[in-house]
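Undergrad: My structure is stored as start-v4.txt, with compact mmCIF, C-alpha atoms.
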```txt
# COMPACT_ATOMS: atom_id res chain seq x y z
CA MET A 1 37.93 17.66 -12.20
CA LYS A 2 37.40 17.02 -15.91
CA PRO A 3 37.92 13.65 -17.61
CA VAL A 4 40.68 13.03 -20.14
CA ALA A 5 39.64 13.30 -23.77
CA PHE A 6 38.02 10.15 -25.14
CA ASP A 7 35.78 9.01 -27.96
CA TYR A 8 32.15 8.14 -27.33
CA LYS A 9 30.04 5.60 -29.18
CA ARG A 10 26.45 4.57 -28.61
CA PRO A 11 25.91 1.32 -30.52
CA ALA A 12 22.41 0.40 -31.70
CA SER A 13 22.59 -3.27 -30.74
CA LEU A 14 24.36 -5.61 -28.34
CA ASP A 15 26.22 -7.23 -31.25
CA GLU A 16 27.45 -3.83 -32.36
CA ALA A 17 28.59 -3.11 -28.79
CA LEU A 18 30.42 -6.46 -28.63
CA ALA A 19 32.17 -5.65 -31.91
CA LEU A 20 33.34 -2.33 -30.43
CA ILE A 21 34.92 -4.02 -27.40
CA LYS A 22 36.44 -6.94 -29.31
CA GLY A 23 40.10 -7.26 -28.34
CA ASN A 24 39.62 -4.66 -25.62
CA ASP A 25 42.91 -4.15 -23.77
CA GLY A 26 41.19 -2.24 -20.98
CA SER A 27 41.33 1.16 -22.68
CA THR A 28 37.65 0.89 -23.69
CA LYS A 29 35.11 1.31 -20.91
CA LEU A 30 31.45 0.40 -20.99
CA LEU A 31 29.05 3.08 -19.74
CA ALA A 32 25.56 2.37 -18.42
CA GLY A 33 24.27 4.71 -15.70
CA GLY A 34 27.72 6.17 -15.15
CA GLN A 35 27.18 6.76 -11.43
CA SER A 36 30.46 5.07 -10.53
CA LEU A 37 32.33 5.58 -13.80
CA GLY A 38 31.36 9.28 -13.96
CA PRO A 39 33.11 10.25 -10.72
CA MET A 40 36.11 8.06 -11.61
CA LEU A 41 36.38 9.77 -15.01
CA ASN A 42 36.17 13.22 -13.42
CA LEU A 43 38.83 12.27 -10.87
CA ARG A 44 40.92 10.76 -13.72
CA MET A 45 41.15 7.49 -11.85
CA VAL A 46 40.01 6.02 -15.17
CA GLN A 47 41.49 7.35 -18.42
CA PRO A 48 39.84 5.49 -21.30
CA THR A 49 40.31 6.18 -24.98
CA LEU A 50 36.80 5.02 -25.87
CA ILE A 51 33.49 4.97 -23.98
CA VAL A 52 30.81 2.61 -25.28
CA ASP A 53 27.38 3.65 -23.99
CA VAL A 54 25.19 0.55 -23.52
CA ALA A 55 22.50 2.16 -21.33
CA ARG A 56 19.83 2.16 -24.03
CA LEU A 57 20.43 -1.24 -25.62
CA LYS A 58 17.07 -2.99 -25.80
CA GLU A 59 18.79 -6.32 -25.06
CA LEU A 60 19.81 -4.88 -21.67
CA VAL A 61 16.64 -3.22 -20.41
CA GLY A 62 14.09 -6.04 -20.37
CA VAL A 63 12.50 -7.67 -17.33
CA ALA A 64 11.04 -11.19 -17.59
CA GLU A 65 9.30 -13.01 -14.74
CA THR A 66 8.85 -16.78 -14.63
CA LYS A 67 7.63 -19.14 -11.92
CA ASP A 68 11.27 -19.71 -10.96
CA GLY A 69 12.28 -16.08 -10.64
CA VAL A 70 12.98 -12.95 -12.60
CA THR A 71 15.56 -11.99 -15.21
CA VAL A 72 16.48 -8.34 -14.88
CA GLY A 73 18.25 -6.56 -17.74
CA ALA A 74 21.67 -5.23 -16.78
CA ALA A 75 20.71 -1.65 -17.67
CA VAL A 76 17.59 -1.60 -15.49
CA ARG A 77 17.92 1.34 -13.13
CA HIS A 78 17.90 1.08 -9.33
CA ALA A 79 14.92 3.46 -9.08
CA ALA A 80 12.79 1.13 -11.22
CA ILE A 81 13.46 -1.67 -8.73
CA GLU A 82 12.90 0.69 -5.78
CA ASP A 83 9.53 1.73 -7.23
CA GLY A 84 8.39 -1.88 -7.70
CA GLU A 85 8.50 -1.83 -11.51
CA VAL A 86 10.48 -5.09 -11.30
CA PRO A 87 8.71 -8.07 -9.67
CA ASP A 88 10.35 -8.52 -6.27
CA VAL A 89 10.89 -12.28 -6.24
CA ALA A 90 12.91 -11.93 -3.01
CA ASN A 91 9.99 -11.03 -0.74
CA GLY A 92 10.82 -7.33 -0.58
CA LEU A 93 14.61 -7.58 -0.38
CA LEU A 94 15.18 -6.19 -3.89
CA ARG A 95 13.12 -3.07 -3.20
CA ARG A 96 14.79 -2.51 0.16
CA VAL A 97 18.27 -2.77 -1.35
CA ALA A 98 17.48 -0.60 -4.38
CA GLY A 99 15.97 2.13 -2.19
CA GLY A 100 19.07 2.24 -0.02
CA ILE A 101 21.62 2.77 -2.79
CA ALA A 102 23.22 6.22 -2.59
CA TYR A 103 20.61 8.92 -3.31
CA ARG A 104 17.49 9.10 -5.46
CA ALA A 105 19.27 11.22 -8.10
CA VAL A 106 21.89 8.47 -8.36
CA ARG A 107 19.31 5.66 -8.36
CA ASN A 108 17.51 7.33 -11.26
CA ARG A 109 20.54 6.65 -13.47
CA GLY A 110 22.58 3.86 -11.89
CA THR A 111 21.93 0.31 -13.14
CA ILE A 112 22.00 -3.13 -11.53
CA GLY A 113 24.34 -4.60 -14.16
CA GLY A 114 26.60 -1.57 -14.05
CA SER A 115 26.88 -1.82 -10.29
CA LEU A 116 27.72 -5.53 -10.47
CA SER A 117 30.22 -5.11 -13.33
CA HIS A 118 31.95 -2.17 -11.66
CA ALA A 119 32.29 -4.37 -8.55
CA ASP A 120 32.98 -1.64 -6.06
CA PRO A 121 33.51 -3.62 -2.85
CA ALA A 122 31.00 -1.38 -1.08
CA GLY A 123 28.43 -1.88 -3.86
CA ASP A 124 24.99 -2.95 -2.70
CA TRP A 125 23.96 -5.52 -5.31
CA ALA A 126 26.84 -8.02 -5.29
CA PRO A 127 26.32 -9.28 -1.71
CA VAL A 128 22.56 -9.50 -2.28
CA MET A 129 22.92 -11.43 -5.52
CA MET A 130 25.34 -13.77 -3.74
CA ALA A 131 22.89 -14.30 -0.89
CA LEU A 132 20.09 -15.02 -3.39
CA ASP A 133 22.17 -17.45 -5.51
CA ALA A 134 21.58 -15.24 -8.55
CA VAL A 135 23.36 -15.73 -11.87
CA VAL A 136 24.91 -13.07 -14.09
CA VAL A 137 24.37 -13.74 -17.80
CA ALA A 138 27.42 -12.53 -19.72
CA ARG A 139 27.52 -12.02 -23.49
CA GLY A 140 30.72 -12.21 -25.48
CA GLY A 141 31.65 -12.73 -29.09
CA ALA A 142 31.30 -16.50 -28.66
CA GLY A 143 27.81 -16.32 -27.13
CA ALA A 144 26.28 -16.22 -23.67
CA ARG A 145 27.50 -17.85 -20.47
CA ASP A 146 26.18 -18.01 -16.93
CA ILE A 147 28.34 -16.79 -14.06
CA PRO A 148 27.02 -17.56 -10.56
CA ALA A 149 27.04 -14.41 -8.41
CA GLY A 150 29.28 -16.20 -5.90
CA ARG A 151 32.02 -16.42 -8.52
CA PHE A 152 31.27 -13.14 -10.31
CA VAL A 153 33.00 -10.67 -8.01
CA GLN A 154 36.62 -11.71 -7.62
CA GLY A 155 37.96 -8.76 -5.65
CA PRO A 156 37.68 -4.99 -5.39
CA LEU A 157 36.77 -3.73 -8.91
CA ALA A 158 37.49 -7.19 -10.35
CA THR A 159 34.92 -9.56 -11.86
CA ALA A 160 34.84 -12.81 -13.81
CA LEU A 161 33.85 -10.82 -16.92
CA GLU A 162 36.40 -10.83 -19.72
CA ALA A 163 37.33 -7.41 -21.13
CA ASP A 164 35.33 -8.18 -24.27
CA GLU A 165 32.20 -9.39 -22.45
CA ILE A 166 29.10 -7.49 -21.37
CA ALA A 167 26.82 -8.39 -18.46
CA GLN A 168 23.47 -8.72 -20.20
CA SER A 169 21.16 -9.61 -17.34
CA VAL A 170 20.87 -11.03 -13.85
CA ARG A 171 18.75 -14.11 -13.19
CA ILE A 172 17.35 -13.96 -9.66
CA PRO A 173 15.69 -17.12 -8.28
CA ARG A 174 12.38 -16.76 -6.48
CA LEU A 175 12.47 -17.15 -2.71
CA SER A 176 9.92 -19.42 -1.03
CA PRO A 177 6.90 -17.48 0.24
CA ASP A 178 7.94 -17.97 3.88
CA ALA A 179 11.65 -17.26 3.31
CA LYS A 180 13.06 -14.45 5.45
CA TRP A 181 15.86 -11.97 4.95
CA GLY A 182 17.74 -9.26 6.76
CA GLN A 183 19.92 -6.50 5.33
CA VAL A 184 21.91 -4.04 7.41
CA LYS A 185 24.15 -1.21 6.23
CA LEU A 186 26.40 0.69 8.56
CA CYS A 187 27.02 4.24 7.30
CA ARG A 188 27.66 7.49 9.11
CA LYS A 189 25.19 9.09 6.72
CA PRO A 190 22.49 7.38 4.62
CA GLY A 191 23.65 7.02 1.03
CA GLU A 192 27.33 6.74 1.79
CA PHE A 193 29.31 3.64 1.02
CA ALA A 194 28.64 1.28 3.92
CA GLU A 195 31.52 0.58 6.29
CA SER A 196 29.90 -2.81 6.62
CA LEU A 197 26.99 -4.30 4.69
CA ALA A 198 25.46 -7.63 5.71
CA VAL A 199 22.80 -9.70 3.95
CA VAL A 200 21.19 -12.78 5.44
CA VAL A 201 18.69 -14.99 3.62
CA ILE A 202 16.90 -17.87 5.34
CA ASP A 203 14.99 -20.02 2.87
CA ARG A 204 14.53 -23.35 4.65
CA LYS A 205 12.25 -24.80 1.98
CA ARG A 206 14.97 -24.42 -0.63
CA ARG A 207 17.69 -25.36 1.85
CA ALA A 208 19.35 -22.03 1.16
CA ILE A 209 20.72 -20.24 4.21
CA ARG A 210 23.19 -17.52 3.26
CA ALA A 211 25.13 -14.86 5.11
CA VAL A 212 27.25 -12.40 3.11
CA VAL A 213 29.21 -9.40 4.29
CA THR A 214 31.17 -6.71 2.47
CA SER A 215 32.94 -3.40 3.09
CA PRO A 216 34.94 -0.85 1.08
CA ARG A 217 38.10 -2.78 2.02
CA HIS A 218 37.40 -6.20 0.54
CA ALA A 219 35.16 -8.11 -1.87
CA PRO A 220 31.85 -9.51 -0.57
CA THR A 221 32.30 -12.88 1.06
CA TYR A 222 30.10 -15.78 2.13
CA LEU A 223 30.17 -16.62 5.83
CA ALA A 224 29.69 -20.39 5.61
CA GLY A 225 30.08 -21.24 9.29
CA THR A 226 27.73 -18.44 10.26
CA ALA A 227 25.12 -19.66 7.79
CA GLN A 228 25.35 -23.15 9.25
CA LEU A 229 24.83 -21.73 12.72
CA ILE A 230 21.82 -19.67 11.58
CA ASP A 231 20.30 -22.85 10.17
CA GLY A 232 20.22 -24.36 13.65
CA LEU A 233 18.78 -21.30 15.42
CA LYS A 234 15.28 -21.58 16.81
CA GLY A 235 14.88 -17.85 17.41
CA TRP A 236 16.58 -14.69 18.59
CA SER A 237 18.17 -14.50 22.04
CA ALA A 238 21.19 -12.97 23.73
CA ASP A 239 22.84 -16.36 23.51
CA ALA A 240 22.10 -16.62 19.78
CA GLU A 241 23.52 -13.14 19.23
CA GLN A 242 26.78 -14.04 20.93
CA LYS A 243 27.06 -17.29 18.96
CA ILE A 244 26.49 -15.45 15.68
CA LYS A 245 29.13 -12.85 16.51
CA ASP A 246 31.63 -15.58 17.37
CA ALA A 247 30.83 -17.44 14.14
CA VAL A 248 31.29 -14.25 12.07
CA ALA A 249 34.65 -13.66 13.72
CA ALA A 250 35.71 -17.25 13.02
CA ASP A 251 34.59 -17.07 9.35
CA LEU A 252 36.37 -13.76 8.82
CA LYS A 253 39.51 -14.99 10.48
CA ALA A 254 39.54 -17.99 8.13
CA SER A 255 38.92 -15.75 5.10
CA LYS A 256 41.90 -13.50 6.00
CA LEU A 257 39.96 -10.56 4.49
CA VAL A 258 39.79 -8.39 7.56
CA GLY A 259 43.03 -9.32 9.28
CA ASP A 260 43.28 -8.49 12.96
CA ASP A 261 41.69 -5.04 12.75
CA PRO A 262 39.36 -5.10 15.78
CA TYR A 263 37.13 -2.30 14.44
CA ARG A 264 36.56 -4.02 11.05
CA LEU A 265 35.87 -7.27 12.81
CA GLN A 266 33.47 -5.70 15.27
CA ILE A 267 31.33 -3.79 12.72
CA HIS A 268 30.94 -6.95 10.62
CA ARG A 269 29.93 -8.94 13.71
CA VAL A 270 27.34 -6.29 14.55
CA THR A 271 25.82 -5.90 11.07
CA VAL A 272 25.55 -9.65 10.51
CA ALA A 273 23.96 -10.15 13.94
CA ARG A 274 21.46 -7.36 13.24
CA ALA A 275 20.67 -8.84 9.82
CA VAL A 276 20.01 -12.25 11.40
CA ARG A 277 17.81 -10.59 13.99
CA GLU A 278 15.83 -8.84 11.26
CA ALA A 279 15.47 -12.10 9.35
CA LEU A 280 14.24 -13.95 12.42
CA SER A 281 11.80 -11.28 13.57
CA MET B 1 33.54 15.67 -31.12
CA THR B 2 30.05 14.36 -30.52
CA GLN B 3 26.77 15.74 -31.72
CA VAL B 4 24.42 16.42 -28.81
CA SER B 5 20.80 17.43 -29.23
CA ILE B 6 18.56 17.86 -26.19
CA THR B 7 15.38 19.66 -25.26
CA LEU B 8 16.51 22.18 -22.67
CA ASN B 9 13.69 23.84 -20.74
CA GLY B 10 11.37 23.24 -23.67
CA ARG B 11 13.76 24.53 -26.33
CA THR B 12 15.65 22.23 -28.71
CA VAL B 13 19.38 22.85 -28.58
CA ALA B 14 22.12 21.10 -30.55
CA ALA B 15 25.89 21.42 -30.51
CA ASP B 16 29.06 19.59 -31.43
CA VAL B 17 30.98 19.10 -28.20
CA PRO B 18 34.01 17.09 -27.06
CA ALA B 19 32.77 13.66 -25.93
CA ARG B 20 34.08 14.22 -22.41
CA THR B 21 31.78 17.25 -21.87
CA SER B 22 29.54 16.71 -18.87
CA LEU B 23 25.88 17.64 -19.12
CA ALA B 24 26.54 20.30 -16.45
CA ASP B 25 29.31 21.92 -18.52
CA PHE B 26 27.13 21.68 -21.62
CA ILE B 27 24.34 23.54 -19.83
CA ARG B 28 26.59 26.14 -18.21
CA ASP B 29 29.32 26.75 -20.78
CA HIS B 30 27.57 25.98 -24.07
CA GLN B 31 24.04 27.12 -23.23
CA ALA B 32 24.99 29.87 -20.74
CA LEU B 33 22.51 28.68 -18.11
CA THR B 34 24.48 29.11 -14.92
CA GLY B 35 21.71 28.31 -12.44
CA THR B 36 22.99 24.74 -12.35
CA HIS B 37 25.84 24.81 -9.84
CA LEU B 38 28.94 22.65 -9.74
CA GLY B 39 30.13 21.79 -6.25
CA CYS B 40 32.04 18.55 -5.95
CA GLU B 41 31.93 17.29 -9.56
CA HIS B 42 31.79 13.69 -8.42
CA GLY B 43 28.15 13.17 -7.61
CA VAL B 44 28.23 13.71 -3.87
CA CYS B 45 27.05 17.26 -3.14
CA GLY B 46 23.88 17.45 -5.25
CA ALA B 47 24.27 21.10 -6.30
CA CYS B 48 24.18 20.13 -10.00
CA THR B 49 20.93 18.13 -9.74
CA ILE B 50 18.62 18.71 -12.72
CA LEU B 51 15.77 16.76 -14.30
CA ILE B 52 16.51 14.34 -17.13
CA ASP B 53 13.25 13.08 -18.61
CA GLY B 54 11.54 14.26 -15.45
CA LYS B 55 13.86 12.48 -13.03
CA PRO B 56 16.39 14.19 -10.74
CA SER B 57 19.90 13.36 -11.94
CA ARG B 58 23.46 14.51 -11.33
CA SER B 59 24.50 16.61 -14.32
CA CYS B 60 28.18 16.65 -13.28
CA ILE B 61 28.63 12.89 -13.72
CA THR B 62 26.34 12.49 -16.72
CA LEU B 63 27.95 12.96 -20.12
CA ALA B 64 26.12 15.40 -22.38
CA ALA B 65 26.40 12.72 -25.07
CA ALA B 66 24.61 10.21 -22.83
CA ALA B 67 21.70 12.65 -22.46
CA ASP B 68 21.39 13.06 -26.24
CA GLY B 69 17.71 13.04 -27.21
CA SER B 70 16.54 13.63 -23.63
CA GLU B 71 14.36 16.31 -22.12
CA VAL B 72 16.42 18.30 -19.67
CA ARG B 73 14.99 20.79 -17.21
CA THR B 74 17.17 23.07 -15.11
CA ILE B 75 16.32 25.50 -12.32
CA GLU B 76 15.71 28.17 -15.01
CA GLY B 77 12.88 26.04 -16.42
CA PHE B 78 10.42 26.32 -13.56
CA ASP B 79 9.21 29.93 -13.77
CA ASP B 80 5.63 28.88 -14.51
CA ASP B 81 5.64 25.64 -12.54
CA PRO B 82 2.91 25.81 -9.86
CA LEU B 83 4.59 23.36 -7.48
CA MET B 84 7.92 25.16 -7.71
CA GLY B 85 6.01 28.38 -6.99
CA VAL B 86 4.70 26.88 -3.74
CA LEU B 87 8.20 25.71 -2.79
CA ARG B 88 9.74 29.10 -3.61
CA ARG B 89 7.21 30.81 -1.33
CA TRP B 90 7.92 28.42 1.56
CA MET B 91 11.71 28.57 1.06
CA ASN B 92 11.40 32.34 1.48
CA GLU B 93 9.01 32.08 4.44
CA LYS B 94 11.11 29.48 6.29
CA HIS B 95 14.49 31.06 5.50
CA GLY B 96 15.58 28.05 3.43
CA VAL B 97 18.13 30.06 1.42
CA GLN B 98 21.39 31.26 2.93
CA CYS B 99 24.33 31.61 0.50
CA GLY B 100 22.24 30.02 -2.26
CA PHE B 101 24.87 27.71 -3.72
CA CYS B 102 23.02 24.48 -2.96
CA THR B 103 19.60 26.00 -3.65
CA PRO B 104 19.13 24.97 -7.33
CA GLY B 105 19.79 21.30 -6.51
CA MET B 106 17.77 21.55 -3.31
CA MET B 107 14.78 22.98 -5.21
CA ILE B 108 14.87 20.21 -7.83
CA MET B 109 15.02 17.54 -5.11
CA ALA B 110 12.40 19.30 -2.98
CA ARG B 111 9.99 19.32 -5.90
CA ASP B 112 10.66 15.63 -6.57
CA ILE B 113 10.04 14.76 -2.90
CA VAL B 114 6.75 16.69 -2.76
CA ALA B 115 5.52 15.22 -6.06
CA ARG B 116 6.68 11.63 -5.51
CA LEU B 117 6.09 11.24 -1.77
CA PRO B 118 2.95 13.24 -0.89
CA ASP B 119 2.76 11.61 2.56
CA ALA B 120 6.42 12.05 3.50
CA ASP B 121 7.01 13.00 7.12
CA ARG B 122 9.91 15.00 8.47
CA SER B 123 12.29 12.07 8.85
CA ARG B 124 11.54 10.87 5.31
CA ILE B 125 12.20 14.38 3.98
CA ARG B 126 15.57 14.39 5.72
CA LEU B 127 16.40 10.94 4.37
CA GLU B 128 15.47 11.97 0.81
CA LEU B 129 17.63 15.10 1.12
CA THR B 130 20.80 13.29 2.23
CA GLY B 131 22.22 13.57 -1.29
CA ASN B 132 22.17 17.38 -1.21
CA LEU B 133 24.74 19.17 0.91
CA CYS B 134 24.32 22.68 2.32
CA ARG B 135 27.66 23.98 3.53
CA CYS B 136 25.87 26.79 5.40
CA THR B 137 24.28 23.88 7.31
CA GLY B 138 20.91 25.54 6.80
CA TYR B 139 19.04 22.26 6.61
CA VAL B 140 16.37 23.06 9.18
CA GLY B 141 14.89 25.87 7.09
CA ILE B 142 14.97 23.74 3.94
CA VAL B 143 13.29 20.78 5.64
CA ASP B 144 10.74 23.18 7.21
CA ALA B 145 9.94 24.59 3.76
CA ILE B 146 9.42 21.16 2.19
CA GLU B 147 7.31 20.03 5.14
CA ALA B 148 5.16 23.19 4.88
CA ALA B 149 4.70 22.67 1.12
CA LEU B 150 3.64 19.06 1.69
CA LYS B 151 1.18 20.11 4.41
CA GLU B 152 -0.28 22.81 2.18
CA ARG B 153 -0.84 20.27 -0.61
CA ARG B 154 -2.33 17.70 1.75
CA THR B 155 -4.79 20.32 3.04
CA ALA B 156 -5.72 21.28 -0.51
CA ARG B 157 -6.50 17.78 -1.73
```
Can you dump the structure from the file as C-alpha cells?

TA:
Amino acid sequence: MKPVAFDYKRPASLDEALALIKGNDGSTKLLAGGQSLGPMLNLRMVQPTLIVDVARLKELVGVAETKDGVTVGAAVRHAAIEDGEVPDVANGLLRRVAGGIAYRAVRNRGTIGGSLSHADPAGDWAPVMMALDAVVVARGGAGARDIPAGRFVQGPLATALEADEIAQSVRIPRLSPDAKWGQVKLCRKPGEFAESLAVVVIDRKRRAIRAVVTSPRHAPTYLAGTAQLIDGLKGWSADAEQKIKDAVAADLKASKLVGDDPYRLQIHRVTVARAVREALS
Amino acid sequence: MTQVSITLNGRTVAADVPARTSLADFIRDHQALTGTHLGCEHGVCGACTILIDGKPSRSCITLAAAADGSEVRTIEGFDDDPLMGVLRRWMNEKHGVQCGFCTPGMMIMARDIVARLPDADRSRIRLELTGNLCRCTGYVGIVDAIEAALKERRTAR
C-alpha cells in the first residue's frame, strides 16, 4: 500500500509546469488535490516516474464571474464550491453537486479540474459540465484551446487532453433565472461512487434541455431522445414517468454503453426519471 | 528526496524524505506521532483524518511534499482545545469509544462538524460522518456524543 518511488516537482508557474510535461509519454502525472491519484498511487495502479504538483499554481486557482457565467480555476477545491465561495451560476446545481462528492475531508482537497481531467466514469463533475454546456480551457505549449465538456471525456479515464496539456479552468455558462435542474445519485452509502448518476437541466429560455447519465462502467453520455421528450412535457405524471423511462432505455440501447444488463438499464431509467421529477417540481 | 517543512501541532519540523512519503507516514514514522491511524490507505476509512490548514484531510493519500509549508494538526495537537475537550467528555459519557482505532479520525471530523455546522441535526451528523468507518460498528455512541456536544453549545450561546 505504498506508491512506487518517483520524483516530485512543484513548479512556480503554469509555463514551468508545461515545460516539465513537454513530450510526456504518460510517465509524468499531474497532481492537484490527489484524491483520485493518491489512492491509485498507493494501490500501484499508477506508477509514474515524476509527479508535477499544480495545486498551488495561481493561474489555476482563480474564479472570475461575468454576466455570461463563471470561469472556475481547475485547482479550485470542491469544498469552496460547496460553501458558496464560487458564484453558483447554475441556480444551486454547482453547490449541490460539490456537496455530494465523496466526503468533506476529500472535498477539502479534491479539485474540479482534477476530477474532470482524471475522468473517472463515476466522477460527479463531468456529467454536470456536459449538462451545463460548459467548456474546459486547456493550456499546452502552443497556447490555450477550448474543449466543450461534451467532447472532453472520451471514455473511462480518457479525455481530449493531450499528455502535454493542462486543464486550466472550466467556463460555466449562466443558466436563465427560471431554468430548472435535477440531479440524482444512486449509492448504497452517501459518498460512494454512484452506481448511476443522472443530471437534467431544463433551460427553455436558452433552448437548452439536457439529460446526462453516467456510472462506474461507462463514460457520461447525453440522452438526446430523452431530452427531446422532456422538452415536450407539461408536468410530472405517471404517464410522463413511463415515457421518460422508455426514452432512457431507447437512448441507452442506441448508445450501446449498457448492453442488455437489465439492472444497469433499470437504475439509469430510475435516476433519470427522478432527476426530471426534481427539475419539474 | 524532497525537502518537507511543515508546522506540526504548532512546532516547525523539517526533513528530507522520499517524494513518495505520504503525510501520514511522515507524521507517524518521521515525527513519531502515532495517534494518526492508517486503516485502508486509500482514502475510504477516515482513520487518518487530520487538519491541514484547519481543514479535515486524508493524510494517507496526501503526499508529505504536497503539504510542504502547511499547518498540520493531528489528534495529539488538541490537548488544550476547548471544543475537543467538550467532545472528549461526551465521547466518554456516551460510550463513543470501543476499540479506539477509528477514534482519532472520528474526533477530527466530529470537531469539524460541531464547528462548521452548529445547527446540524442527527441525520446531518450521520451524513457528515459517512467518510469515517468504525469496524466495531459503534456509530450510535459517536453520533450521540456529537449531538450532545452540539446541544451543549447551542444552549450556551

Undergrad: Quick one: which residues from chain A are at most 8 Å off chain B, using all atoms listed in the file, as an mmCIF file with C-alpha atoms, in the coordinates of the input?

TA:
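Okay, this is what ended up in out_18.cif:
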```
data_model
loop_
_atom_site.group_PDB
_atom_site.id
_atom_site.type_symbol
_atom_site.label_atom_id
_atom_site.label_comp_id
_atom_site.auth_asym_id
_atom_site.auth_seq_id
_atom_site.Cartn_x
_atom_site.Cartn_y
_atom_site.Cartn_z
ATOM 1 C CA MET A 1 37.930 17.660 -12.200
ATOM 2 C CA LYS A 2 37.400 17.020 -15.910
ATOM 3 C CA PRO A 3 37.920 13.650 -17.610
ATOM 4 C CA VAL A 4 40.680 13.030 -20.140
ATOM 5 C CA ALA A 5 39.640 13.300 -23.770
ATOM 6 C CA PHE A 6 38.020 10.150 -25.140
ATOM 7 C CA ASP A 7 35.780 9.010 -27.960
ATOM 8 C CA TYR A 8 32.150 8.140 -27.330
ATOM 9 C CA GLY A 34 27.720 6.170 -15.150
ATOM 10 C CA GLN A 35 27.180 6.760 -11.430
ATOM 11 C CA GLY A 38 31.360 9.280 -13.960
ATOM 12 C CA PRO A 39 33.110 10.250 -10.720
ATOM 13 C CA MET A 40 36.110 8.060 -11.610
ATOM 14 C CA ASN A 42 36.170 13.220 -13.420
ATOM 15 C CA LEU A 43 38.830 12.270 -10.870
ATOM 16 C CA ASP A 53 27.380 3.650 -23.990
ATOM 17 C CA ALA A 102 23.220 6.220 -2.590
ATOM 18 C CA TYR A 103 20.610 8.920 -3.310
ATOM 19 C CA ARG A 104 17.490 9.100 -5.460
ATOM 20 C CA ALA A 105 19.270 11.220 -8.100
ATOM 21 C CA VAL A 106 21.890 8.470 -8.360
ATOM 22 C CA ASN A 108 17.510 7.330 -11.260
ATOM 23 C CA ARG A 109 20.540 6.650 -13.470
ATOM 24 C CA LYS A 189 25.190 9.090 6.720
ATOM 25 C CA PRO A 190 22.490 7.380 4.620
ATOM 26 C CA GLY A 191 23.650 7.020 1.030
#
```

Undergrad: Ranking B:Val86, B:Ile146, B:Val4, B:Leu33 by minimum distance to Arg73 (chain B) and counting all atoms listed in the file, which one comes first?

TA: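 Selected residue with least distance to Arg73 (chain B): B:Leu33.
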
Undergrad: Could you state the separation of CA of Ala142 (chain A) and CA of Asn24 (chain A) in Å, given to one decimal place?

TA: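 Interatomic distance, CA of Ala142 (chain A) to CA of Asn24 (chain A): 14.8 Å.
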
Undergrad: Using all atoms listed in the file, which residue out of A:Arg206, A:Arg188, A:Lys22, A:Arg277 lies closest to Leu175 (chain A)?

TA: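 Ranking A:Arg206, A:Arg188, A:Lys22, A:Arg277 by distance to Leu175 (chain A), first place goes to A:Arg206.
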
Undergrad: How many Å separate CA of Arg135 (chain B) from CA of Met91 (chain B)?

TA: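 Calculated distance between CA of Arg135 (chain B) and CA of Met91 (chain B) is 16.8 Å.
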
Undergrad: Can you pull out the residues contacting Gly150 (chain A)? Cut-off 9 Å, using only C-alpha atoms, and skip same-chain residues under 5 positions away; I want them as an NGL selection string.

TA: :A and (126-127 or 129-131 or 133-135 or 220-222)

Undergrad: Residues proximal to (12.7, 28.1, -7.8) were defined as those with any atom within 9 Å of that point in the file's coordinates, counting all atoms listed in the file. Which are they, as a ChimeraX atom specification?

TA: /B:75-79,81,84-85,87-89,91,103-104,107-108

Undergrad: Could you take the residues named above and write them with C-alpha atoms, as a PDB file, in the frame of the given file?

TA:
```pdb
ATOM      1  CA  ILE B  75      16.320  25.500 -12.320  1.00  0.00           C
ATOM      2  CA  GLU B  76      15.710  28.170 -15.010  1.00  0.00           C
ATOM      3  CA  GLY B  77      12.880  26.040 -16.420  1.00  0.00           C
ATOM      4  CA  PHE B  78      10.420  26.320 -13.560  1.00  0.00           C
ATOM      5  CA  ASP B  79       9.210  29.930 -13.770  1.00  0.00           C
ATOM      6  CA  ASP B  81       5.640  25.640 -12.540  1.00  0.00           C
ATOM      7  CA  MET B  84       7.920  25.160  -7.710  1.00  0.00           C
ATOM      8  CA  GLY B  85       6.010  28.380  -6.990  1.00  0.00           C
ATOM      9  CA  LEU B  87       8.200  25.710  -2.790  1.00  0.00           C
ATOM     10  CA  ARG B  88       9.740  29.100  -3.610  1.00  0.00           C
ATOM     11  CA  ARG B  89       7.210  30.810  -1.330  1.00  0.00           C
ATOM     12  CA  MET B  91      11.710  28.570   1.060  1.00  0.00           C
ATOM     13  CA  THR B 103      19.600  26.000  -3.650  1.00  0.00           C
ATOM     14  CA  PRO B 104      19.130  24.970  -7.330  1.00  0.00           C
ATOM     15  CA  MET B 107      14.780  22.980  -5.210  1.00  0.00           C
ATOM     16  CA  ILE B 108      14.870  20.210  -7.830  1.00  0.00           C
TER      17      ILE B 108
END
```

Undergrad: Determine the nearest neighbour of Arg116 (chain B) from the options B:Asp29, B:Leu150, B:Pro82, B:Ala67, counting all atoms listed in the file.

TA: B:Leu150

Undergrad: Just the number, please: distance in Å from CA of Gly182 (chain A) to CA of Leu132 (chain A), one decimal.

TA: 11.9 Å

Undergrad: Closest to Cys134 (chain B) among B:Glu93, B:Glu152, B:Ala120, B:Cys102, using all atoms listed in the file?

TA: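 Looking at the shortest contact to Cys134 (chain B), the residue is B:Cys102.
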
Undergrad: Give me the residues within 12 Å of region 260-263 of chain A as a compact mmCIF listing (two decimals) with C-alpha atoms, in the frame of the given file, counting all atoms listed in the file and dropping any in the same chain fewer than 4 places off.

TA:
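The resulting file, result36.txt, is shown below:
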```
# COMPACT_ATOMS: atom_id res chain seq x y z
CA GLU A 195 31.52 0.58 6.29
CA SER A 196 29.90 -2.81 6.62
CA ARG A 217 38.10 -2.78 2.02
CA ALA A 249 34.65 -13.66 13.72
CA ALA A 250 35.71 -17.25 13.02
CA LEU A 252 36.37 -13.76 8.82
CA LYS A 253 39.51 -14.99 10.48
CA ALA A 254 39.54 -17.99 8.13
CA SER A 255 38.92 -15.75 5.10
CA LYS A 256 41.90 -13.50 6.00
CA ILE A 267 31.33 -3.79 12.72
CA HIS A 268 30.94 -6.95 10.62
CA ARG A 269 29.93 -8.94 13.71
CA VAL A 270 27.34 -6.29 14.55
```

Undergrad: Just the residues within 7 Å of Ser117 (chain A), please, counting all atoms listed in the file, with nothing from its chain fewer than 4 positions along; format it as a VMD selection string.

TA: chain A and resid 113 159 167
